[in-house]
Amino acid sequence: MATIERAEVLVTSPGRNFVTLRITTSDGVTGLGDATLNGRELAVASYLRDHVAPVLTGRDPARVEDMWQYLYRGAYWRRGPVTMTAVAAVDTALWDIKGKVAGLPVYQLLGGRSRNGVLVYSHASGVDVPSLLDDVARHLDLGYKAVRAQAAVPGVGGTYGVRKGKLYEPAATSLPQEQPWSTEAYLDFAPTYLEAVRERFGFDVHLLHDVHHRLTPIEAARFGKAVEPCRLFWMEDPTPAENQDGFRLIRQHTTTPIAVGEALTSVWEVQHLITEQLIDYVRTTVVHAGGITHLRRIFDLAALYQVRTGSHGATDLSPVTLAAAVHLDLAVPNFGIQEYMEHADETMEVFHSGVRFEDGMLHPPEEPGLGVEYDDAAAERFPYQRRYLPVARRLDGSVHDW
Ligand code: GCO
Ligand code: MG
């Protein structure tokens, strides 16, 4: 029997920070797992290096489910983004190894294809409405069938989701940047640009929007109602999800579909959202919700309630997570859509991935495992840099949800 011989925690910053776990077996097979938690990277690196790596050595890499149970229950301290990201990294690396040992791409181990490809949406944004419309047009030219639209709110600086350069990267400063927020201005303005997108491009493209946890339930209800004529694919994170009952209130007022989950880490945090049918899409991910093993469990629960998947896929999720997501998305019956933002060129110098974009869809690599290789020499050129996500403040100076 092969055993786990080595577990290395690799930290690099090719365009942004990434933490990666690489497990090597006594047969020389390697597996990769993403362990990146944006703005809190080193906490997960330490969790893995100081607390998980020592207990991995000598264990059977084939026992993926048992390892999950061992790390989750065995820690006593459960859930939370740091723990679940660390567990996810081990789980993902073991699926990668299992695929390589079996000689099969991971989606085959998950039951094989349920579809031809993985529908993705990308981010269109603008500092004003004309530039947003140009950016939507650019994405349609690139072949996207679904776009998320975000525009800067006039008179309020630093709106979430608006790109400055080629890539959108919110964690860009070595101390947290503070950004102003006005609910009133946003609620008046956002529906108007979503309408402008529909007016110019019609209804053949899927249109999405991220509220990014900024509204109270009743404000979100008003927003959802206002944008009903735009027939959004979804409004994302309309209100912070700690208060799961808040979504019931939104539901009473609007048929705009709701997507939640990028910041949630376990099946228990989405349990009521799913079983009480308070959401339409669950956005938990491989990297922050306990790996392929646990995400499959969430997706299966969701399937029972006609909730579909829509995993988070911003650039702070590494190409390892993206590949794992594509394998899982391809296999599950209740797939909805996958978020996809192109990574920086430097990122792709470190992570050589076989994931392919074509005609608005992603396709997994056909090689055994996940199909991603880590380039150590390239990684060394990009040392870790401390980076924080911004913090939002209302115009009166009080802290708001970013
Ligand atoms: C999204 C997300 C991101 C997050 C970021 C946090 O829908 O893509 O909201 O933009 O803010 O991933 O790390
Ligand atoms: Mg989001």
# chains A, B, ... in the order shown; residues from 1 in each chain; ligands from 1

call {"tool": "residues_around", "arguments": {"residues": "Thr30 (chain A)", "least_positions_apart": "2", "cutoff": "12 Å", "atoms": "only C-alpha atoms", "output": "JSON, numbers by chain"}}
result
{"A": [2, 3, 4, 5, 6, 7, 8, 21, 22, 23, 24, 25, 26, 27, 28, 32, 33, 61, 90, 92, 93, 94, 95, 96, 97, 98, 99, 100, 101, 368, 369, 370, 371, 372, 373, 374]}

call {"tool": "select_by_dssp", "arguments": {"residues": "region 45-189 of chain A", "states": "strand (DSSP E)", "output": "list in words"}}
result
Val118, Leu119, Val120, Tyr121, Ser122, His123, Ala124, Ser125, Gly126, Ala146, Val147, Arg148, Ala149, Gln150, Ala151, Glu178, Gln179, Pro180 and Trp181 of chain A

call {"tool": "residues_around", "arguments": {"residues": "Phe203 (chain A)", "least_positions_apart": "4", "cutoff": "12 Å", "atoms": "only C-alpha atoms", "output": "number ranges by chain"}}
result
A: 145-147, 194-199, 207-208, 229-233

call {"tool": "write_last_selection", "arguments": {"atoms": "N, CA and C atoms", "output": "short mmCIF file (atom, residue, chain, number, x, y, z; two decimals), in the first residue's frame"}}
result
data_model
loop_
_atom_site.label_atom_id
_atom_site.label_comp_id
_atom_site.auth_asym_id
_atom_site.auth_seq_id
_atom_site.Cartn_x
_atom_site.Cartn_y
_atom_site.Cartn_z
N LYS A 145 -21.90 33.37 -22.70
CA LYS A 145 -23.37 33.29 -22.81
C LYS A 145 -24.03 33.86 -21.56
N ALA A 146 -23.20 34.24 -20.59
CA ALA A 146 -23.72 34.76 -19.32
C ALA A 146 -22.73 35.77 -18.78
N VAL A 147 -23.24 36.93 -18.37
CA VAL A 147 -22.36 37.95 -17.79
C VAL A 147 -22.97 38.54 -16.54
N LEU A 194 -28.99 47.76 -15.11
CA LEU A 194 -29.38 46.41 -15.52
C LEU A 194 -30.42 46.52 -16.65
N GLU A 195 -31.32 47.52 -16.53
CA GLU A 195 -32.29 47.77 -17.62
C GLU A 195 -31.56 48.17 -18.90
N ALA A 196 -30.52 49.01 -18.76
CA ALA A 196 -29.77 49.46 -19.95
C ALA A 196 -29.10 48.26 -20.65
N VAL A 197 -28.63 47.29 -19.87
CA VAL A 197 -28.02 46.10 -20.48
C VAL A 197 -29.08 45.33 -21.27
N ARG A 198 -30.27 45.15 -20.69
CA ARG A 198 -31.34 44.44 -21.40
C ARG A 198 -31.78 45.19 -22.66
N GLU A 199 -31.86 46.52 -22.54
CA GLU A 199 -32.29 47.31 -23.70
C GLU A 199 -31.31 47.14 -24.85
N LEU A 207 -28.11 37.30 -17.57
CA LEU A 207 -27.62 38.49 -16.86
C LEU A 207 -27.65 38.23 -15.35
N LEU A 208 -26.51 38.49 -14.71
CA LEU A 208 -26.39 38.27 -13.27
C LEU A 208 -25.95 39.55 -12.59
N PRO A 229 -38.37 42.96 -14.22
CA PRO A 229 -38.48 43.03 -15.69
C PRO A 229 -37.16 42.67 -16.40
N CYS A 230 -36.02 42.74 -15.70
CA CYS A 230 -34.73 42.40 -16.33
C CYS A 230 -34.51 40.89 -16.39
N ARG A 231 -35.37 40.13 -15.70
CA ARG A 231 -35.28 38.66 -15.67
C ARG A 231 -33.84 38.21 -15.42
N LEU A 232 -33.34 38.59 -14.26
CA LEU A 232 -31.97 38.20 -13.92
C LEU A 232 -31.87 36.68 -13.79
N PHE A 233 -30.70 36.16 -14.14
CA PHE A 233 -30.40 34.75 -13.86
C PHE A 233 -30.38 34.59 -12.34
#

call {"tool": "residues_near_ligand", "arguments": {"ligand": "ligand 1", "cutoff": "10 Å", "atoms": "only C-alpha atoms and all ligand atoms", "output": "PDB file with C-alpha atoms, in the first residue's frame"}}
result
ATOM      1  CA  THR A  36      -6.243  30.094  -0.466  1.00  0.00           C
ATOM      2  CA  LEU A  37      -8.354  32.223   1.889  1.00  0.00           C
ATOM      3  CA  ASN A  38      -8.247  35.756   0.551  1.00  0.00           C
ATOM      4  CA  GLY A  39      -6.677  38.216   2.991  1.00  0.00           C
ATOM      5  CA  ARG A  40      -6.116  35.499   5.631  1.00  0.00           C
ATOM      6  CA  SER A 122     -17.791  36.310 -16.350  1.00  0.00           C
ATOM      7  CA  HIS A 123     -17.614  39.830 -14.935  1.00  0.00           C
ATOM      8  CA  ARG A 148     -22.466  39.592 -14.422  1.00  0.00           C
ATOM      9  CA  TYR A 160     -17.654  46.694  -5.311  1.00  0.00           C
ATOM     10  CA  GLY A 161     -16.976  44.736  -8.481  1.00  0.00           C
ATOM     11  CA  VAL A 162     -15.733  47.522 -10.759  1.00  0.00           C
ATOM     12  CA  TYR A 168     -10.702  42.690 -11.080  1.00  0.00           C
ATOM     13  CA  GLU A 169      -8.699  42.322  -7.901  1.00  0.00           C
ATOM     14  CA  PRO A 170     -10.244  43.628  -4.677  1.00  0.00           C
ATOM     15  CA  ALA A 171      -7.391  42.499  -2.381  1.00  0.00           C
ATOM     16  CA  HIS A 209     -25.731  40.804 -10.534  1.00  0.00           C
ATOM     17  CA  ASP A 210     -23.865  40.637  -7.216  1.00  0.00           C
ATOM     18  CA  VAL A 211     -25.312  42.695  -4.356  1.00  0.00           C
ATOM     19  CA  HIS A 212     -22.357  41.527  -2.240  1.00  0.00           C
ATOM     20  CA  HIS A 213     -24.140  41.276   1.123  1.00  0.00           C
ATOM     21  CA  GLU A 236     -26.270  37.235  -5.552  1.00  0.00           C
ATOM     22  CA  ASP A 237     -25.823  37.654  -1.798  1.00  0.00           C
ATOM     23  CA  ALA A 259     -27.769  32.862  -5.169  1.00  0.00           C
ATOM     24  CA  VAL A 260     -25.883  32.522  -1.875  1.00  0.00           C
ATOM     25  CA  GLY A 261     -22.897  30.694  -0.471  1.00  0.00           C
ATOM     26  CA  GLU A 262     -19.461  31.965  -1.497  1.00  0.00           C
ATOM     27  CA  ALA A 263     -18.604  32.824   2.117  1.00  0.00           C
ATOM     28  CA  ARG A 283     -22.506  29.115  -4.425  1.00  0.00           C
ATOM     29  CA  SER A 311     -19.961  27.987  -7.492  1.00  0.00           C
ATOM     30  CA  HIS A 312     -17.868  31.016  -6.691  1.00  0.00           C
ATOM     31  CA  GLY A 313     -14.910  31.346  -9.076  1.00  0.00           C
ATOM     32  CA  ALA A 314     -13.250  34.734  -8.581  1.00  0.00           C
ATOM     33  CA  THR A 315      -9.492  35.089  -9.132  1.00  0.00           C
ATOM     34  CA  ASP A 316      -8.711  34.411  -5.464  1.00  0.00           C
ATOM     35  CA  LEU A 317      -9.740  30.804  -6.098  1.00  0.00           C
ATOM     36  CA  GLU A 339     -18.337  31.735 -12.117  1.00  0.00           C
ATOM     37  CA  TYR A 340     -15.182  32.173 -14.161  1.00  0.00           C
ATOM     38  CA  MET A 341     -12.737  35.071 -14.104  1.00  0.00           C
ATOM     39  CA  TYR A 388      -6.294  42.772   2.412  1.00  0.00           C
ATOM     40  CA  LEU A 389      -9.823  42.974   1.084  1.00  0.00           C
ATOM     41  CA  PRO A 390     -11.382  46.445   1.484  1.00  0.00           C
ATOM     42  CA  TRP A 402     -18.188  44.857   2.285  1.00  0.00           C
TER      43      TRP A 402
END

call {"tool": "residues_around", "arguments": {"residues": "Leu42 (chain A)", "least_positions_apart": "2", "cutoff": "12 Å", "atoms": "only C-alpha atoms", "output": "list of chain:residue names"}}
result
A:Val9, A:Leu10, A:Val11, A:Thr12, A:Asn17, A:Phe18, A:Val19, A:Thr20, A:Ala35, A:Thr36, A:Leu37, A:Asn38, A:Gly39, A:Arg40, A:Val44, A:Ala45, A:Ser46, A:Tyr47, A:Leu48, A:Arg49, A:Asp50, A:Val82, A:Thr85, A:Ala86, A:Tyr384, A:Gln385, A:Arg386, A:Arg387

call {"tool": "write_last_selection", "arguments": {"atoms": "C-alpha atoms", "output": "PDB file, in the first residue's frame"}}
result
ATOM      1  CA  VAL A   9       2.517  24.028   1.853  1.00  0.00           C
ATOM      2  CA  LEU A  10       3.412  26.277  -1.071  1.00  0.00           C
ATOM      3  CA  VAL A  11       2.840  30.024  -0.820  1.00  0.00           C
ATOM      4  CA  THR A  12       3.284  32.227  -3.867  1.00  0.00           C
ATOM      5  CA  ASN A  17      -1.503  35.348  -3.163  1.00  0.00           C
ATOM      6  CA  PHE A  18      -2.161  31.625  -3.389  1.00  0.00           C
ATOM      7  CA  VAL A  19      -1.615  28.855  -0.862  1.00  0.00           C
ATOM      8  CA  THR A  20      -1.350  25.337  -2.319  1.00  0.00           C
ATOM      9  CA  ALA A  35      -5.809  26.400   0.348  1.00  0.00           C
ATOM     10  CA  THR A  36      -6.243  30.094  -0.466  1.00  0.00           C
ATOM     11  CA  LEU A  37      -8.354  32.223   1.889  1.00  0.00           C
ATOM     12  CA  ASN A  38      -8.247  35.756   0.551  1.00  0.00           C
ATOM     13  CA  GLY A  39      -6.677  38.216   2.991  1.00  0.00           C
ATOM     14  CA  ARG A  40      -6.116  35.499   5.631  1.00  0.00           C
ATOM     15  CA  VAL A  44      -4.541  28.395   6.548  1.00  0.00           C
ATOM     16  CA  ALA A  45      -0.866  27.869   5.658  1.00  0.00           C
ATOM     17  CA  SER A  46      -0.084  27.527   9.368  1.00  0.00           C
ATOM     18  CA  TYR A  47      -3.108  25.286  10.022  1.00  0.00           C
ATOM     19  CA  LEU A  48      -1.844  22.934   7.322  1.00  0.00           C
ATOM     20  CA  ARG A  49       1.872  23.160   8.020  1.00  0.00           C
ATOM     21  CA  ASP A  50       1.753  23.125  11.820  1.00  0.00           C
ATOM     22  CA  VAL A  82      -9.767  28.441   8.054  1.00  0.00           C
ATOM     23  CA  THR A  85     -10.197  25.533   3.602  1.00  0.00           C
ATOM     24  CA  ALA A  86      -7.466  23.387   5.143  1.00  0.00           C
ATOM     25  CA  TYR A 384       4.111  36.356  -0.678  1.00  0.00           C
ATOM     26  CA  GLN A 385       2.809  39.903  -0.274  1.00  0.00           C
ATOM     27  CA  ARG A 386       0.425  40.864   2.519  1.00  0.00           C
ATOM     28  CA  ARG A 387      -2.888  41.883   0.969  1.00  0.00           C
TER      29      ARG A 387
END

call {"tool": "decode", "arguments": {"residues": "region 252-297 of chain A", "atoms": "N, CA and C atoms", "output": "PDB file, in the first residue's frame"}}
result
ATOM      1  N   GLN A 252     -40.862  36.524   0.022  1.00  0.00           N
ATOM      2  CA  GLN A 252     -42.287  36.891   0.049  1.00  0.00           C
ATOM      3  C   GLN A 252     -42.599  38.005  -0.934  1.00  0.00           C
ATOM      4  N   HIS A 253     -41.549  38.674  -1.435  1.00  0.00           N
ATOM      5  CA  HIS A 253     -41.795  39.856  -2.248  1.00  0.00           C
ATOM      6  C   HIS A 253     -41.366  39.756  -3.707  1.00  0.00           C
ATOM      7  N   THR A 254     -40.493  38.805  -4.012  1.00  0.00           N
ATOM      8  CA  THR A 254     -39.950  38.836  -5.375  1.00  0.00           C
ATOM      9  C   THR A 254     -39.648  37.453  -5.926  1.00  0.00           C
ATOM     10  N   THR A 255     -39.794  37.348  -7.257  1.00  0.00           N
ATOM     11  CA  THR A 255     -39.448  36.096  -7.945  1.00  0.00           C
ATOM     12  C   THR A 255     -38.044  36.165  -8.555  1.00  0.00           C
ATOM     13  N   THR A 256     -37.294  37.241  -8.322  1.00  0.00           N
ATOM     14  CA  THR A 256     -35.905  37.265  -8.812  1.00  0.00           C
ATOM     15  C   THR A 256     -35.128  36.153  -8.098  1.00  0.00           C
ATOM     16  N   PRO A 257     -34.499  35.242  -8.856  1.00  0.00           N
ATOM     17  CA  PRO A 257     -33.791  34.129  -8.215  1.00  0.00           C
ATOM     18  C   PRO A 257     -32.629  34.610  -7.345  1.00  0.00           C
ATOM     19  N   ILE A 258     -32.345  33.848  -6.311  1.00  0.00           N
ATOM     20  CA  ILE A 258     -31.341  34.235  -5.318  1.00  0.00           C
ATOM     21  C   ILE A 258     -30.200  33.208  -5.300  1.00  0.00           C
ATOM     22  N   ALA A 259     -28.960  33.722  -5.261  1.00  0.00           N
ATOM     23  CA  ALA A 259     -27.769  32.862  -5.169  1.00  0.00           C
ATOM     24  C   ALA A 259     -26.983  33.264  -3.926  1.00  0.00           C
ATOM     25  N   VAL A 260     -26.597  32.265  -3.139  1.00  0.00           N
ATOM     26  CA  VAL A 260     -25.883  32.522  -1.875  1.00  0.00           C
ATOM     27  C   VAL A 260     -24.852  31.421  -1.637  1.00  0.00           C
ATOM     28  N   GLY A 261     -23.752  31.778  -0.985  1.00  0.00           N
ATOM     29  CA  GLY A 261     -22.897  30.694  -0.471  1.00  0.00           C
ATOM     30  C   GLY A 261     -21.404  30.869  -0.595  1.00  0.00           C
ATOM     31  N   GLU A 262     -20.909  31.904  -1.291  1.00  0.00           N
ATOM     32  CA  GLU A 262     -19.461  31.965  -1.497  1.00  0.00           C
ATOM     33  C   GLU A 262     -18.689  32.076  -0.183  1.00  0.00           C
ATOM     34  N   ALA A 263     -19.317  32.669   0.847  1.00  0.00           N
ATOM     35  CA  ALA A 263     -18.604  32.824   2.117  1.00  0.00           C
ATOM     36  C   ALA A 263     -19.045  31.778   3.146  1.00  0.00           C
ATOM     37  N   LEU A 264     -19.818  30.794   2.726  1.00  0.00           N
ATOM     38  CA  LEU A 264     -20.284  29.756   3.652  1.00  0.00           C
ATOM     39  C   LEU A 264     -19.432  28.499   3.468  1.00  0.00           C
ATOM     40  N   THR A 265     -19.256  27.764   4.562  1.00  0.00           N
ATOM     41  CA  THR A 265     -18.203  26.751   4.533  1.00  0.00           C
ATOM     42  C   THR A 265     -18.667  25.318   4.757  1.00  0.00           C
ATOM     43  N   SER A 266     -19.956  25.117   5.022  1.00  0.00           N
ATOM     44  CA  SER A 266     -20.369  23.731   5.277  1.00  0.00           C
ATOM     45  C   SER A 266     -21.833  23.530   4.941  1.00  0.00           C
ATOM     46  N   VAL A 267     -22.213  22.258   4.887  1.00  0.00           N
ATOM     47  CA  VAL A 267     -23.606  21.915   4.587  1.00  0.00           C
ATOM     48  C   VAL A 267     -24.528  22.451   5.675  1.00  0.00           C
ATOM     49  N   TRP A 268     -24.020  22.584   6.893  1.00  0.00           N
ATOM     50  CA  TRP A 268     -24.875  23.047   7.979  1.00  0.00           C
ATOM     51  C   TRP A 268     -25.225  24.523   7.823  1.00  0.00           C
ATOM     52  N   GLU A 269     -24.353  25.279   7.198  1.00  0.00           N
ATOM     53  CA  GLU A 269     -24.642  26.708   7.000  1.00  0.00           C
ATOM     54  C   GLU A 269     -25.624  26.962   5.859  1.00  0.00           C
ATOM     55  N   VAL A 270     -25.767  26.011   4.975  1.00  0.00           N
ATOM     56  CA  VAL A 270     -26.723  26.207   3.873  1.00  0.00           C
ATOM     57  C   VAL A 270     -27.970  25.339   4.044  1.00  0.00           C
ATOM     58  N   GLN A 271     -27.983  24.554   5.116  1.00  0.00           N
ATOM     59  CA  GLN A 271     -29.058  23.579   5.322  1.00  0.00           C
ATOM     60  C   GLN A 271     -30.457  24.201   5.214  1.00  0.00           C
ATOM     61  N   HIS A 272     -30.709  25.267   5.995  1.00  0.00           N
ATOM     62  CA  HIS A 272     -32.069  25.833   5.991  1.00  0.00           C
ATOM     63  C   HIS A 272     -32.347  26.610   4.710  1.00  0.00           C
ATOM     64  N   LEU A 273     -31.300  27.266   4.203  1.00  0.00           N
ATOM     65  CA  LEU A 273     -31.475  27.981   2.926  1.00  0.00           C
ATOM     66  C   LEU A 273     -31.966  27.013   1.859  1.00  0.00           C
ATOM     67  N   ILE A 274     -31.424  25.792   1.890  1.00  0.00           N
ATOM     68  CA  ILE A 274     -31.780  24.801   0.873  1.00  0.00           C
ATOM     69  C   ILE A 274     -33.104  24.119   1.214  1.00  0.00           C
ATOM     70  N   THR A 275     -33.199  23.585   2.408  1.00  0.00           N
ATOM     71  CA  THR A 275     -34.374  22.742   2.701  1.00  0.00           C
ATOM     72  C   THR A 275     -35.664  23.570   2.801  1.00  0.00           C
ATOM     73  N   GLU A 276     -35.532  24.859   3.080  1.00  0.00           N
ATOM     74  CA  GLU A 276     -36.741  25.699   3.113  1.00  0.00           C
ATOM     75  C   GLU A 276     -36.914  26.472   1.804  1.00  0.00           C
ATOM     76  N   GLN A 277     -36.091  26.095   0.820  1.00  0.00           N
ATOM     77  CA  GLN A 277     -36.175  26.667  -0.525  1.00  0.00           C
ATOM     78  C   GLN A 277     -36.151  28.193  -0.505  1.00  0.00           C
ATOM     79  N   LEU A 278     -35.191  28.716   0.259  1.00  0.00           N
ATOM     80  CA  LEU A 278     -35.043  30.169   0.376  1.00  0.00           C
ATOM     81  C   LEU A 278     -34.084  30.708  -0.680  1.00  0.00           C
ATOM     82  N   ILE A 279     -33.365  29.820  -1.355  1.00  0.00           N
ATOM     83  CA  ILE A 279     -32.444  30.233  -2.424  1.00  0.00           C
ATOM     84  C   ILE A 279     -32.659  29.324  -3.639  1.00  0.00           C
ATOM     85  N   ASP A 280     -32.105  29.773  -4.765  1.00  0.00           N
ATOM     86  CA  ASP A 280     -32.240  29.011  -6.011  1.00  0.00           C
ATOM     87  C   ASP A 280     -30.910  28.416  -6.462  1.00  0.00           C
ATOM     88  N   TYR A 281     -29.807  29.063  -6.056  1.00  0.00           N
ATOM     89  CA  TYR A 281     -28.463  28.596  -6.434  1.00  0.00           C
ATOM     90  C   TYR A 281     -27.585  28.608  -5.195  1.00  0.00           C
ATOM     91  N   VAL A 282     -26.818  27.533  -5.026  1.00  0.00           N
ATOM     92  CA  VAL A 282     -25.899  27.472  -3.892  1.00  0.00           C
ATOM     93  C   VAL A 282     -24.478  27.668  -4.431  1.00  0.00           C
ATOM     94  N   ARG A 283     -23.782  28.668  -3.854  1.00  0.00           N
ATOM     95  CA  ARG A 283     -22.506  29.115  -4.425  1.00  0.00           C
ATOM     96  C   ARG A 283     -21.280  28.681  -3.611  1.00  0.00           C
ATOM     97  N   THR A 284     -21.452  27.696  -2.737  1.00  0.00           N
ATOM     98  CA  THR A 284     -20.297  27.189  -2.001  1.00  0.00           C
ATOM     99  C   THR A 284     -19.273  26.617  -2.980  1.00  0.00           C
ATOM    100  N   THR A 285     -18.005  26.573  -2.530  1.00  0.00           N
ATOM    101  CA  THR A 285     -16.942  26.143  -3.443  1.00  0.00           C
ATOM    102  C   THR A 285     -16.123  25.002  -2.876  1.00  0.00           C
ATOM    103  N   VAL A 286     -15.371  24.385  -3.778  1.00  0.00           N
ATOM    104  CA  VAL A 286     -14.444  23.325  -3.396  1.00  0.00           C
ATOM    105  C   VAL A 286     -13.494  23.832  -2.309  1.00  0.00           C
ATOM    106  N   VAL A 287     -12.897  25.016  -2.506  1.00  0.00           N
ATOM    107  CA  VAL A 287     -11.812  25.436  -1.612  1.00  0.00           C
ATOM    108  C   VAL A 287     -12.303  25.898  -0.251  1.00  0.00           C
ATOM    109  N   HIS A 288     -13.469  26.511  -0.169  1.00  0.00           N
ATOM    110  CA  HIS A 288     -13.883  27.046   1.133  1.00  0.00           C
ATOM    111  C   HIS A 288     -14.934  26.195   1.824  1.00  0.00           C
ATOM    112  N   ALA A 289     -15.421  25.169   1.180  1.00  0.00           N
ATOM    113  CA  ALA A 289     -16.468  24.329   1.778  1.00  0.00           C
ATOM    114  C   ALA A 289     -16.040  22.864   1.821  1.00  0.00           C
ATOM    115  N   GLY A 290     -14.795  22.650   2.247  1.00  0.00           N
ATOM    116  CA  GLY A 290     -14.394  21.288   2.597  1.00  0.00           C
ATOM    117  C   GLY A 290     -14.040  20.355   1.459  1.00  0.00           C
ATOM    118  N   GLY A 291     -13.772  20.895   0.277  1.00  0.00           N
ATOM    119  CA  GLY A 291     -13.268  20.045  -0.814  1.00  0.00           C
ATOM    120  C   GLY A 291     -14.368  19.404  -1.638  1.00  0.00           C
ATOM    121  N   ILE A 292     -13.947  18.535  -2.549  1.00  0.00           N
ATOM    122  CA  ILE A 292     -14.882  17.874  -3.464  1.00  0.00           C
ATOM    123  C   ILE A 292     -15.853  16.999  -2.676  1.00  0.00           C
ATOM    124  N   THR A 293     -15.334  16.304  -1.677  1.00  0.00           N
ATOM    125  CA  THR A 293     -16.170  15.379  -0.887  1.00  0.00           C
ATOM    126  C   THR A 293     -17.340  16.116  -0.237  1.00  0.00           C
ATOM    127  N   HIS A 294     -17.049  17.244   0.407  1.00  0.00           N
ATOM    128  CA  HIS A 294     -18.115  17.944   1.137  1.00  0.00           C
ATOM    129  C   HIS A 294     -19.010  18.739   0.192  1.00  0.00           C
ATOM    130  N   LEU A 295     -18.428  19.300  -0.856  1.00  0.00           N
ATOM    131  CA  LEU A 295     -19.248  20.082  -1.787  1.00  0.00           C
ATOM    132  C   LEU A 295     -20.247  19.175  -2.496  1.00  0.00           C
ATOM    133  N   ARG A 296     -19.821  17.958  -2.815  1.00  0.00           N
ATOM    134  CA  ARG A 296     -20.737  16.990  -3.433  1.00  0.00           C
ATOM    135  C   ARG A 296     -21.929  16.721  -2.494  1.00  0.00           C
ATOM    136  N   ARG A 297     -21.637  16.663  -1.208  1.00  0.00           N
ATOM    137  CA  ARG A 297     -22.700  16.438  -0.226  1.00  0.00           C
ATOM    138  C   ARG A 297     -23.683  17.616  -0.237  1.00  0.00           C
TER     139      ARG A 297
END
